[in-house]
>>> print(open('input.cif').read())   # mmCIF, C-alpha atoms
data_upload
loop_
_atom_site.label_atom_id
_atom_site.label_comp_id
_atom_site.auth_asym_id
_atom_site.auth_seq_id
_atom_site.Cartn_x
_atom_site.Cartn_y
_atom_site.Cartn_z
CA MET A 1 -12.56 -52.30 34.06
CA ILE A 2 -14.52 -49.09 33.74
CA ALA A 3 -11.57 -47.37 32.14
CA ALA A 4 -11.32 -50.13 29.57
CA GLY A 5 -15.06 -49.94 28.89
CA LEU A 6 -14.80 -46.22 28.36
CA ASP A 7 -11.80 -46.43 26.06
CA PRO A 8 -12.98 -44.53 22.96
CA ILE A 9 -10.77 -46.63 20.69
CA ALA A 10 -12.11 -49.99 21.84
CA GLN A 11 -15.16 -49.64 19.61
CA PHE A 12 -12.94 -49.88 16.55
CA GLU A 13 -11.33 -53.16 17.52
CA ILE A 14 -11.95 -56.13 15.28
CA HIS A 15 -12.79 -59.56 16.65
CA LYS A 16 -12.72 -62.77 14.72
CA LEU A 17 -16.04 -64.52 14.60
CA LEU A 18 -14.96 -67.32 12.28
CA GLU A 19 -11.45 -68.34 11.29
CA LEU A 20 -10.98 -68.45 7.54
CA SER A 21 -7.97 -68.20 5.27
CA ILE A 22 -7.03 -68.38 1.63
CA GLY A 23 -3.41 -69.43 1.26
CA LYS A 24 -1.41 -67.28 3.62
CA TYR A 25 -4.09 -64.60 3.76
CA ASP A 26 -6.26 -64.44 6.83
CA ILE A 27 -9.79 -63.68 5.65
CA SER A 28 -11.56 -64.50 8.91
CA PHE A 29 -15.17 -63.46 9.24
CA THR A 30 -15.03 -60.61 11.76
CA ASN A 31 -17.44 -58.22 13.41
CA SER A 32 -16.58 -55.82 10.59
CA SER A 33 -17.50 -58.41 7.96
CA LEU A 34 -20.68 -59.10 9.87
CA MET A 35 -21.70 -55.44 9.66
CA MET A 36 -21.02 -55.40 5.90
CA VAL A 37 -23.25 -58.42 5.51
CA VAL A 38 -25.87 -56.81 7.75
CA ALA A 39 -25.74 -53.69 5.56
CA VAL A 40 -26.23 -55.74 2.39
CA LEU A 41 -29.06 -57.72 3.98
CA SER A 42 -30.88 -54.66 5.30
CA ILE A 43 -30.59 -52.87 1.95
CA SER A 44 -31.92 -55.96 0.19
CA LEU A 45 -34.74 -56.33 2.67
CA TRP A 46 -35.72 -52.68 2.31
CA LEU A 47 -35.72 -52.85 -1.47
CA LEU A 48 -37.51 -56.20 -1.44
CA LEU A 49 -40.28 -54.75 0.70
CA SER A 50 -40.49 -51.64 -1.44
CA SER A 51 -40.68 -53.21 -4.88
CA LYS A 52 -44.31 -54.18 -5.02
CA LYS A 53 -44.67 -52.21 -8.24
CA SER A 54 -47.76 -50.46 -6.90
CA LEU A 55 -49.06 -47.43 -8.73
CA VAL A 56 -49.45 -45.40 -5.55
CA PRO A 57 -46.21 -45.99 -3.64
CA GLY A 58 -46.16 -46.90 0.01
CA ARG A 59 -43.72 -45.42 2.46
CA ALA A 60 -40.81 -47.78 1.81
CA GLN A 61 -41.37 -47.57 -1.93
CA SER A 62 -41.44 -43.78 -1.81
CA ILE A 63 -38.13 -43.69 0.02
CA ALA A 64 -36.62 -46.15 -2.46
CA GLU A 65 -37.88 -44.10 -5.40
CA ILE A 66 -36.70 -40.83 -3.88
CA SER A 67 -33.24 -42.37 -3.35
CA TYR A 68 -33.28 -43.64 -6.92
CA GLU A 69 -34.11 -40.24 -8.34
CA PHE A 70 -31.76 -38.47 -5.95
CA VAL A 71 -28.79 -40.55 -7.11
CA ALA A 72 -29.90 -40.46 -10.76
CA ASP A 73 -30.08 -36.65 -10.66
CA MET A 74 -26.69 -36.52 -8.99
CA VAL A 75 -25.13 -38.71 -11.70
CA LYS A 76 -26.84 -36.74 -14.46
CA SER A 77 -25.78 -33.34 -13.13
CA ALA A 78 -22.19 -34.34 -12.40
CA ALA A 79 -21.37 -36.72 -15.25
CA GLY A 80 -24.04 -35.99 -17.85
CA LYS A 81 -26.45 -38.38 -19.52
CA GLU A 82 -23.65 -40.76 -20.53
CA GLY A 83 -22.79 -41.07 -16.86
CA LEU A 84 -26.02 -42.97 -16.30
CA LYS A 85 -24.32 -46.20 -17.34
CA PHE A 86 -22.49 -45.95 -14.02
CA PHE A 87 -25.70 -45.32 -12.15
CA PRO A 88 -25.93 -48.82 -10.59
CA PHE A 89 -22.35 -48.55 -9.38
CA VAL A 90 -22.84 -45.08 -7.88
CA PHE A 91 -26.13 -46.10 -6.33
CA THR A 92 -24.55 -49.20 -4.77
CA LEU A 93 -21.68 -47.11 -3.46
CA PHE A 94 -23.97 -44.44 -2.02
CA ILE A 95 -26.42 -46.81 -0.41
CA PHE A 96 -23.72 -49.13 0.94
CA ILE A 97 -21.78 -46.29 2.57
CA LEU A 98 -24.98 -44.70 3.85
CA PHE A 99 -26.13 -47.93 5.46
CA ALA A 100 -22.68 -48.70 6.85
CA ASN A 101 -22.56 -45.20 8.39
CA LEU A 102 -26.10 -45.34 9.76
CA LEU A 103 -25.75 -48.86 11.15
CA GLY A 104 -22.66 -47.61 12.96
CA MET A 105 -24.90 -45.10 14.75
CA ILE A 106 -26.72 -47.92 16.53
CA PRO A 107 -25.08 -48.39 19.94
CA PHE A 108 -22.66 -51.36 20.15
CA PHE A 109 -22.70 -51.79 16.36
CA PHE A 110 -19.42 -51.73 14.52
CA THR A 111 -18.81 -48.96 11.97
CA THR A 112 -17.14 -50.49 8.94
CA THR A 113 -16.40 -47.11 7.38
CA SER A 114 -14.32 -46.12 10.40
CA HIS A 115 -11.51 -48.32 9.10
CA ILE A 116 -9.19 -46.68 6.62
CA ILE A 117 -8.68 -49.88 4.66
CA VAL A 118 -12.41 -50.13 3.93
CA THR A 119 -12.75 -46.58 2.69
CA PHE A 120 -9.49 -46.86 0.80
CA THR A 121 -10.68 -50.02 -0.95
CA LEU A 122 -13.87 -48.22 -1.94
CA ALA A 123 -11.85 -45.26 -3.22
CA MET A 124 -9.53 -47.56 -5.18
CA MET A 125 -12.54 -49.25 -6.70
CA VAL A 126 -13.69 -45.84 -7.94
CA MET A 127 -10.24 -44.90 -9.20
CA SER A 128 -9.72 -48.19 -11.03
CA LEU A 129 -13.13 -47.78 -12.66
CA VAL A 130 -12.21 -44.23 -13.70
CA ILE A 131 -8.82 -45.26 -15.12
CA GLY A 132 -10.10 -48.52 -16.62
CA TYR A 133 -13.10 -46.98 -18.33
CA GLY A 134 -11.21 -43.81 -19.26
CA VAL A 135 -8.50 -45.79 -21.07
CA PHE A 136 -11.00 -48.22 -22.56
CA LYS A 137 -13.16 -45.45 -23.99
CA ASN A 138 -10.64 -42.74 -24.86
CA GLY A 139 -7.44 -44.74 -25.27
CA PHE A 140 -4.44 -42.46 -25.40
CA ARG A 141 -6.65 -39.37 -25.26
CA PHE A 142 -7.36 -40.13 -21.60
CA LEU A 143 -3.99 -38.55 -20.88
CA LYS A 144 -5.45 -35.22 -21.98
CA LEU A 145 -6.79 -35.18 -18.44
CA PHE A 146 -3.27 -34.13 -17.40
CA TRP A 147 -2.74 -31.85 -20.38
CA PRO A 148 -5.65 -29.40 -20.27
CA SER A 149 -6.46 -27.39 -23.37
CA GLY A 150 -6.68 -23.58 -23.44
CA ILE A 151 -3.74 -22.94 -21.12
CA PRO A 152 -0.66 -20.98 -22.23
CA MET A 153 2.26 -23.19 -23.20
CA ALA A 154 4.52 -21.45 -20.69
CA ILE A 155 2.67 -22.71 -17.62
CA LEU A 156 1.27 -25.91 -19.14
CA PRO A 157 3.94 -28.26 -17.68
CA PHE A 158 3.38 -26.77 -14.27
CA VAL A 159 -0.40 -27.17 -14.55
CA SER A 160 0.14 -30.68 -15.79
CA ILE A 161 2.18 -31.60 -12.73
CA LEU A 162 -0.54 -30.14 -10.55
CA GLU A 163 -3.16 -32.19 -12.38
CA ILE A 164 -1.16 -35.37 -11.86
CA ILE A 165 -0.70 -34.64 -8.16
CA SER A 166 -4.39 -33.87 -7.76
CA PHE A 167 -5.31 -37.09 -9.60
CA VAL A 168 -3.01 -39.24 -7.49
CA SER A 169 -4.22 -37.68 -4.27
CA ARG A 170 -7.86 -38.31 -5.12
CA PRO A 171 -8.12 -41.83 -3.66
CA ILE A 172 -6.37 -40.62 -0.53
CA SER A 173 -8.58 -37.59 -0.03
CA LEU A 174 -11.68 -39.61 -0.90
CA SER A 175 -10.93 -42.36 1.61
CA VAL A 176 -9.49 -40.20 4.39
CA ARG A 177 -12.45 -37.79 4.24
CA LEU A 178 -14.98 -40.56 4.86
CA TRP A 179 -12.86 -42.46 7.34
CA ALA A 180 -11.87 -39.43 9.45
CA ASN A 181 -15.42 -38.17 9.66
CA MET A 182 -16.82 -41.46 10.85
CA PHE A 183 -13.91 -42.21 13.15
CA ALA A 184 -13.83 -38.78 14.76
CA GLY A 185 -17.58 -38.65 15.17
CA HIS A 186 -17.67 -41.96 16.99
CA ILE A 187 -14.75 -41.05 19.24
CA LEU A 188 -16.46 -37.79 20.09
CA LEU A 189 -19.73 -39.47 20.97
CA LYS A 190 -17.97 -42.11 23.04
CA LEU A 191 -15.84 -39.50 24.83
CA PHE A 192 -18.75 -37.31 25.90
CA ALA A 193 -21.02 -40.23 26.77
CA GLY A 194 -18.19 -41.87 28.74
CA PHE A 195 -17.47 -38.58 30.46
CA SER A 196 -20.97 -38.34 31.91
CA ILE A 197 -20.69 -41.91 33.20
CA MET A 198 -17.28 -41.18 34.72
CA MET A 199 -18.73 -38.11 36.47
CA ILE A 200 -21.34 -40.21 38.22
CA THR A 201 -19.13 -43.20 39.03
CA GLY A 202 -16.30 -40.94 40.18
CA LEU A 203 -18.19 -38.26 42.12
CA GLY A 204 -21.26 -40.12 43.31
CA PHE A 205 -24.79 -39.38 42.21
CA PHE A 206 -25.33 -35.94 43.71
CA PRO A 207 -22.50 -33.80 42.46
CA GLY A 208 -21.76 -36.24 39.66
CA ALA A 209 -25.15 -35.94 37.97
CA LEU A 210 -24.76 -32.15 37.89
CA GLY A 211 -21.35 -32.49 36.33
CA ALA A 212 -22.69 -35.02 33.86
CA ILE A 213 -25.26 -32.60 32.46
CA ILE A 214 -22.89 -30.81 30.11
CA PRO A 215 -21.25 -33.88 28.54
CA TYR A 216 -24.68 -35.52 28.34
CA ALA A 217 -26.08 -32.47 26.53
CA MET A 218 -23.09 -32.63 24.18
CA THR A 219 -23.84 -36.28 23.43
CA LEU A 220 -27.44 -35.37 22.79
CA ALA A 221 -26.45 -32.58 20.43
CA LEU A 222 -23.79 -34.62 18.65
CA THR A 223 -26.05 -37.57 17.86
CA PRO A 224 -28.20 -35.80 15.23
CA LEU A 225 -25.05 -34.14 13.90
CA GLU A 226 -23.51 -37.57 13.43
CA PHE A 227 -26.59 -38.76 11.58
CA LEU A 228 -26.21 -35.75 9.31
CA VAL A 229 -22.51 -36.51 8.84
CA ALA A 230 -23.36 -40.14 8.02
CA PHE A 231 -25.62 -38.96 5.21
CA VAL A 232 -23.44 -36.10 4.00
CA GLN A 233 -20.32 -38.25 3.79
CA ALA A 234 -22.12 -40.92 1.77
CA TYR A 235 -23.42 -38.15 -0.49
CA VAL A 236 -20.00 -36.52 -0.86
CA PHE A 237 -18.36 -39.84 -1.66
CA ALA A 238 -20.96 -40.63 -4.34
CA LEU A 239 -20.86 -37.09 -5.75
CA LEU A 240 -17.06 -37.07 -6.04
CA THR A 241 -17.26 -40.48 -7.68
CA CYS A 242 -19.58 -38.94 -10.27
CA VAL A 243 -17.21 -36.03 -10.80
CA TYR A 244 -14.26 -38.39 -11.30
CA LEU A 245 -16.28 -40.60 -13.62
CA SER A 246 -17.11 -37.50 -15.62
CA ASP A 247 -13.34 -37.13 -16.18
CA ALA A 248 -13.23 -40.64 -17.59
CA LEU A 249 -16.14 -39.82 -19.90
CA HIS A 250 -14.90 -36.44 -21.07
CA PRO A 251 -11.15 -35.98 -20.46
CA GLY A 252 -9.83 -32.49 -21.19
CA HIS A 253 -13.15 -30.85 -20.31
CA HIS A 254 -12.20 -29.13 -17.15
CA MET B 1 -13.06 -29.35 14.88
CA LEU B 2 -13.44 -32.95 13.81
CA ASN B 3 -9.79 -33.01 12.79
CA ALA B 4 -8.74 -31.84 16.21
CA ILE B 5 -10.81 -34.63 17.73
CA THR B 6 -9.14 -37.11 15.39
CA LEU B 7 -5.80 -36.00 16.75
CA ILE B 8 -7.10 -36.51 20.27
CA GLY B 9 -8.16 -39.98 19.24
CA LEU B 10 -4.77 -40.72 17.79
CA TYR B 11 -3.15 -39.42 20.95
CA LEU B 12 -5.44 -41.44 23.19
CA ALA B 13 -4.98 -44.69 21.29
CA PRO B 14 -1.64 -45.85 22.74
CA THR B 15 -2.55 -44.78 26.28
CA GLY B 16 -5.72 -46.80 26.00
CA SER B 17 -3.86 -49.89 24.92
CA LYS B 18 -1.39 -49.56 27.77
CA ASN B 19 -4.24 -49.91 30.21
CA VAL B 20 -5.23 -53.29 28.84
CA PRO B 21 -4.96 -55.74 31.72
CA GLY B 22 -2.08 -58.20 31.42
CA GLY B 23 -0.23 -56.00 28.96
CA GLU B 24 3.21 -56.37 30.58
CA HIS B 25 4.92 -56.43 27.24
CA ILE B 26 6.05 -52.99 26.21
CA GLU B 27 5.04 -53.61 22.60
CA GLU B 28 1.92 -51.58 21.96
CA THR B 29 -1.13 -53.10 20.33
CA PRO B 30 -1.62 -51.33 17.01
CA PHE B 31 -4.17 -48.59 16.55
CA PRO B 32 -7.23 -50.60 15.37
CA PRO B 33 -8.21 -48.58 12.26
CA PHE B 34 -4.66 -48.92 10.94
CA ASP B 35 -4.04 -52.49 12.10
CA PRO B 36 -2.79 -54.38 9.05
CA THR B 37 -3.63 -57.77 10.60
CA TYR B 38 -7.16 -57.60 9.31
CA PHE B 39 -6.50 -55.82 6.02
CA PRO B 40 -6.93 -58.94 3.85
CA SER B 41 -10.09 -59.95 5.68
CA GLN B 42 -11.55 -56.44 5.46
CA ILE B 43 -10.78 -56.11 1.76
CA PHE B 44 -12.07 -59.59 1.00
CA TRP B 45 -15.37 -59.19 2.79
CA LEU B 46 -15.87 -55.65 1.52
CA LEU B 47 -15.41 -56.78 -2.08
CA VAL B 48 -17.65 -59.81 -1.58
CA SER B 49 -20.48 -57.89 0.06
CA PHE B 50 -20.12 -54.91 -2.26
CA PHE B 51 -20.31 -57.00 -5.41
CA ILE B 52 -23.19 -59.09 -4.13
CA LEU B 53 -25.00 -55.85 -3.42
CA TYR B 54 -24.01 -54.45 -6.81
CA PHE B 55 -25.32 -57.55 -8.53
CA LEU B 56 -28.61 -57.50 -6.58
CA LEU B 57 -29.16 -53.81 -7.24
CA SER B 58 -28.20 -53.68 -10.89
CA LYS B 59 -29.96 -56.88 -11.90
CA ILE B 60 -33.05 -56.91 -9.70
CA PHE B 61 -33.92 -53.90 -7.60
CA LEU B 62 -32.94 -50.90 -9.69
CA PRO B 63 -34.69 -52.15 -12.87
CA LYS B 64 -37.80 -52.76 -10.78
CA LEU B 65 -37.63 -49.27 -9.31
CA SER B 66 -37.07 -47.58 -12.65
CA TRP B 67 -39.88 -49.68 -14.12
CA ALA B 68 -42.24 -48.51 -11.36
CA ILE B 69 -41.22 -44.87 -11.79
CA GLU B 70 -41.57 -44.93 -15.58
CA GLU B 71 -44.81 -46.85 -15.41
CA ARG B 72 -46.24 -44.27 -13.05
CA SER B 73 -45.20 -41.27 -15.09
CA ALA B 74 -46.53 -42.95 -18.25
CA LYS B 75 -49.81 -43.70 -16.50
CA ILE B 76 -50.09 -40.14 -15.22
CA SER B 77 -49.45 -38.59 -18.63
CA ASP B 78 -51.90 -41.05 -20.20
CA ASP B 79 -54.56 -40.13 -17.70
CA ILE B 80 -54.00 -36.42 -18.22
CA GLU B 81 -54.30 -36.93 -21.96
CA ASN B 82 -57.52 -38.88 -21.49
CA ALA B 83 -58.93 -36.20 -19.24
CA GLU B 84 -58.08 -33.52 -21.78
CA ARG B 85 -59.79 -35.49 -24.52
CA MET B 86 -62.87 -35.96 -22.36
CA GLN B 87 -62.97 -32.27 -21.62
CA ARG B 88 -62.77 -31.47 -25.31
CA LEU B 89 -65.63 -33.90 -25.99
CA ALA B 90 -67.72 -32.33 -23.26
CA GLN B 91 -67.11 -28.85 -24.64
CA ASP B 92 -68.07 -30.00 -28.13
CA ALA B 93 -71.24 -31.56 -26.77
CA GLU B 94 -72.10 -28.37 -24.95
CA THR B 95 -71.66 -26.16 -28.03
CA SER B 96 -73.72 -28.51 -30.19
CA TYR B 97 -76.38 -28.59 -27.50
CA THR B 98 -76.66 -24.82 -27.34
CA GLU B 99 -76.73 -24.66 -31.12
CA SER B 100 -79.53 -27.17 -31.42
CA LEU B 101 -81.38 -25.43 -28.63
CA ALA B 102 -81.24 -22.13 -30.49
CA LEU B 103 -82.32 -23.86 -33.69
CA ALA B 104 -85.26 -25.51 -31.98
CA ARG B 105 -86.30 -22.23 -30.45
CA THR B 106 -86.41 -20.38 -33.78
CA LYS B 107 -88.22 -23.29 -35.36
CA SER B 108 -90.85 -23.41 -32.66
CA ASN B 109 -91.31 -19.64 -32.94
CA ARG B 110 -91.89 -19.99 -36.64
CA VAL B 111 -94.38 -22.81 -36.15
CA ALA B 112 -96.30 -20.81 -33.57
CA GLU B 113 -96.40 -17.82 -35.89
CA THR B 114 -97.75 -19.77 -38.88
CA THR B 115 -100.30 -21.53 -36.71
CA ARG B 116 -101.50 -18.25 -35.32
CA GLN B 117 -101.86 -16.80 -38.80
CA ALA B 118 -103.80 -19.85 -40.03
CA VAL B 119 -106.13 -19.72 -37.07
CA ASP B 120 -106.69 -15.99 -37.55
CA ALA B 121 -107.56 -16.48 -41.21
CA GLU B 122 -110.03 -19.26 -40.44
CA LEU B 123 -111.61 -17.26 -37.69
CA LYS B 124 -112.07 -14.29 -40.00
CA LEU B 125 -113.63 -16.45 -42.66
CA GLU B 126 -116.16 -17.93 -40.27
CA MET B 127 -117.00 -14.59 -38.76
CA ASP B 128 -117.66 -13.11 -42.19
CA ALA B 129 -119.94 -15.98 -43.09
CA GLU B 130 -121.86 -15.64 -39.86
CA ASN B 131 -122.12 -11.88 -40.30
CA LYS B 132 -123.58 -12.35 -43.75
CA LYS B 133 -126.10 -14.86 -42.48
CA ALA B 134 -127.08 -12.64 -39.64
CA SER B 135 -127.56 -9.60 -41.88
CA ILE B 136 -129.80 -11.60 -44.25
CA LYS B 137 -131.94 -12.70 -41.34
CA ALA B 138 -132.13 -9.17 -40.03
CA LYS B 139 -133.29 -7.89 -43.39
CA ALA B 140 -135.99 -10.56 -43.58
CA ALA B 141 -137.20 -9.67 -40.16
CA GLU B 142 -137.29 -5.94 -41.06
CA ASP B 143 -139.37 -6.68 -44.20
CA HIS B 144 -141.75 -8.77 -42.14
CA ILE B 145 -142.14 -5.97 -39.64
CA LYS B 146 -142.74 -3.47 -42.47
CA SER B 147 -145.43 -5.62 -44.07
CA ILE B 148 -147.10 -6.14 -40.72
CA ARG B 149 -147.11 -2.40 -40.10
CA ASN B 150 -148.54 -1.72 -43.56
CA ASN B 151 -151.36 -4.23 -42.99
CA ALA B 152 -152.08 -2.70 -39.64
CA MET B 153 -152.26 0.75 -41.18
CA LYS B 154 -154.59 -0.54 -43.85
CA ASN B 155 -156.83 -2.18 -41.29
CA LEU B 156 -156.82 1.01 -39.25
CA GLU B 157 -158.08 2.99 -42.26
CA ILE B 158 -160.91 0.50 -42.79
CA VAL B 159 -161.85 0.51 -39.15
CA ALA B 160 -161.69 4.32 -39.00
CA SER B 161 -163.94 4.74 -42.06
CA ASP B 162 -166.39 2.19 -40.68
CA VAL B 163 -166.48 3.98 -37.36
CA ALA B 164 -166.85 7.36 -39.09
CA GLN B 165 -169.76 6.07 -41.34
CA THR B 166 -171.54 4.62 -38.34
CA ALA B 167 -170.98 7.76 -36.34
CA VAL B 168 -172.23 10.00 -39.18
CA GLU B 169 -175.33 7.74 -39.72
CA SER B 170 -176.24 7.74 -36.06
CA LEU B 171 -175.73 11.51 -35.74
CA THR B 172 -177.34 12.69 -38.91
CA GLY B 173 -179.35 9.70 -39.93
CA SER B 174 -178.16 9.93 -43.44
CA LYS B 175 -176.32 7.26 -45.14
CA VAL B 176 -172.82 8.28 -46.22
CA LYS B 177 -171.07 6.32 -48.78
CA ILE B 178 -167.83 4.64 -47.67
CA ALA B 179 -165.86 6.26 -50.45
CA GLU B 180 -166.91 9.75 -49.28
CA VAL B 181 -165.94 8.95 -45.75
CA LYS B 182 -162.60 7.71 -46.85
CA LYS B 183 -162.13 10.89 -48.88
CA ALA B 184 -163.07 13.03 -45.93
CA ILE B 185 -160.63 11.16 -43.64
CA LYS B 186 -157.88 11.64 -46.10
CA GLU B 187 -158.69 15.35 -46.49
CA GLY B 188 -158.80 15.57 -42.68
#
>>> encode(input="input.cif", output="structure tokens")
Amino acid sequence: MIAAGLDPIAQFEIHKLLELSIGKYDISFTNSSLMMVVAVLSISLWLLLSSKKSLVPGRAQSIAEISYEFVADMVKSAAGKEGLKFFPFVFTLFIFILFANLLGMIPFFFTTTSHIIVTFTLAMMVMSLVIGYGVFKNGFRFLKLFWPSGIPMAILPFVSILEIISFVSRPISLSVRLWANMFAGHILLKLFAGFSIMMITGLGFFPGALGAIIPYAMTLALTPLEFLVAFVQAYVFALLTCVYLSDALHPGHH
Amino acid sequence: MLNAITLIGLYLAPTGSKNVPGGEHIEETPFPPFDPTYFPSQIFWLLVSFFILYFLLSKIFLPKLSWAIEERSAKISDDIENAERMQRLAQDAETSYTESLALARTKSNRVAETTRQAVDAELKLEMDAENKKASIKAKAAEDHIKSIRNNAMKNLEIVASDVAQTAVESLTGSKVKIAEVKKAIKEG
């Protein structure tokens, strides 16, 4: 029983809360879906409470405005002024991932971003936007992305192959980076926290509590680190999205 | 470091699932983050929630936020402009005030000067008139005194000759004419 409760993988298991299906696809409402809905609801609630349009902003409004300007600056610096048409998309992406990561930090909450399929879907959304908009705006010239200018003809095919490989690996690196960080962080927390409990249950209170000090201190130290990782990974995901969108806006401008 | 931990996690996953009670079947339960059973459900709910959020943000919340931010910066720049204009007005008022003050001061100085001169002239005029009057009176008084003295001298002569005639008559018994006496007094 205790061993099962301390299993660091158990926290990633999905349970059906409501059976649903479309055709042969099982789209049951699960604990993962619930956390996505919770993320959307909490973001909406936060922004609802912070949009009183007051001249002197309150606390929630300040945070909302700081986030707005933070993401707007990020889009502007990475993709230029034209990139601002993607601002709502990047903001949604950033805030959704951030909330999903942070909600996962609450004990017993499910972390949606610790599933590779979720992060991969997000990454594919970004890539399809990049390709779709890039082709729509530049047409055939979008392929200049793989044929950079200002490079000697002799090595151009080689560079081109590298560019194609780097482009194809983008969704993988984007999704694996976020997934692995969240997944590993949660395993680490669970391992050290479970270790201190095992010390006490296994060795009794007196020697066990002494042995539990080190893993407990590790848990304590890792928690703020994981909050930082939750923020940094959302930031990195949004920033890389901006960089990729910049490719769609200006292909051949490496 | 995190990657190493991921590997530990991957390593631990099958051992964990073997411990599940009632798991007599050798077939291992799949590693949850890679379990394809829930892929359609995950993708479906992610897309649904993401696009609901995207719609809410892009249509409602972000325009509101940008409105608030722009409104504030516009208000601030307006207020600064107003304040600058007010300051300019105040400075203008101050300079005009000092100017008018200086003007008033010179004017009042001039008025005081002219008044003083007028008063001086009037005073002089009056004093001259009074002086003239006084000197006329003094002259009249002097003449009066002179005439009085002359009369007195005349009377004295008469009295002296009378006294001398009487004295000579009583001493010698001879009558002396007044004219002789007078002559004798004059000769000493």
>>> closest_residue(input="input.cif", among="A:Gly80, A:Gly185, A:Gly150, A:Gly104", to="chain B", atoms="only C-alpha atoms")
A:Gly185
>>> closest_residue(input="input.cif", among="A:Thr201, A:Thr112, A:Ser21, A:Asn181", to="A:Met35", atoms="only C-alpha atoms")
A:Thr112
>>> atom_distance(input="input.cif", atom1="atom CA of A:Ser114", atom2="atom CA of A:Gly132")
27.5 Å
>>> atom_distance(input="input.cif", atom1="atom CA of A:Ile161", atom2="atom CA of A:Phe146")
7.6 Å
>>> resolve_selection(input="input.cif", expression="the PyMOL selection byres ((chain A and resi 231) around 10)", output="list in words")
Phe94, Ile95, Ile97, Leu98, Phe99, Asn101, Leu102, Leu225, Glu226, Phe227, Leu228, Val229, Ala230, Val232, Gln233, Ala234, Tyr235 and Val236 of chain A
>>> interface_residues(input="input.cif", of="chain A", to="chain B", cutoff="7 Å", atoms="all atoms listed in the file", output="ChimeraX atom specification")
/A:4,7,9,12-13,25-28,33,36-37,40,47,51,53,55,65,88-89,92,114-118,121,180-181,184,187-188
>>> resolve_selection(input="input.cif", expression="the PyMOL selection byres ((chain A and resi 107) around 12)", output="PDB file with C-alpha atoms, in the frame of the given file")
ATOM      1  CA  GLN A  11     -15.160 -49.640  19.610  1.00  0.00           C
ATOM      2  CA  LEU A 102     -26.100 -45.340   9.760  1.00  0.00           C
ATOM      3  CA  LEU A 103     -25.750 -48.860  11.150  1.00  0.00           C
ATOM      4  CA  GLY A 104     -22.660 -47.610  12.960  1.00  0.00           C
ATOM      5  CA  MET A 105     -24.900 -45.100  14.750  1.00  0.00           C
ATOM      6  CA  ILE A 106     -26.720 -47.920  16.530  1.00  0.00           C
ATOM      7  CA  PHE A 108     -22.660 -51.360  20.150  1.00  0.00           C
ATOM      8  CA  PHE A 109     -22.700 -51.790  16.360  1.00  0.00           C
ATOM      9  CA  PHE A 110     -19.420 -51.730  14.520  1.00  0.00           C
ATOM     10  CA  THR A 111     -18.810 -48.960  11.970  1.00  0.00           C
ATOM     11  CA  HIS A 186     -17.670 -41.960  16.990  1.00  0.00           C
ATOM     12  CA  LEU A 189     -19.730 -39.470  20.970  1.00  0.00           C
ATOM     13  CA  LYS A 190     -17.970 -42.110  23.040  1.00  0.00           C
ATOM     14  CA  ALA A 193     -21.020 -40.230  26.770  1.00  0.00           C
ATOM     15  CA  THR A 223     -26.050 -37.570  17.860  1.00  0.00           C
TER      16      THR A 223
END
>>> atom_distance(input="input.cif", atom1="atom CA of A:Lys16", atom2="atom CA of A:Leu191")
25.6 Å
>>> closest_residue(input="input.cif", among="B:Glu157, B:Glu99, B:Asp78, B:Glu122", to="B:Ala184", atoms="all atoms listed in the file")
B:Glu157
>>> residues_around(input="input.cif", residues="A:Glu163", least_positions_apart="2", cutoff="12 Å", atoms="only C-alpha atoms", output="number ranges by chain")
A: 143-148, 156-161, 165-170, 247, 251-252, 254
>>> closest_residue(input="input.cif", among="B:Lys139, B:Lys177, B:Lys182, B:Lys146", to="B:Ile158", atoms="all atoms listed in the file")
B:Lys182
>>> resolve_selection(input="input.cif", expression="the PyMOL selection byres ((chain B and resi 162-165) around 8)", output="ChimeraX atom specification")
/B:158-161,166-169,175-178,181
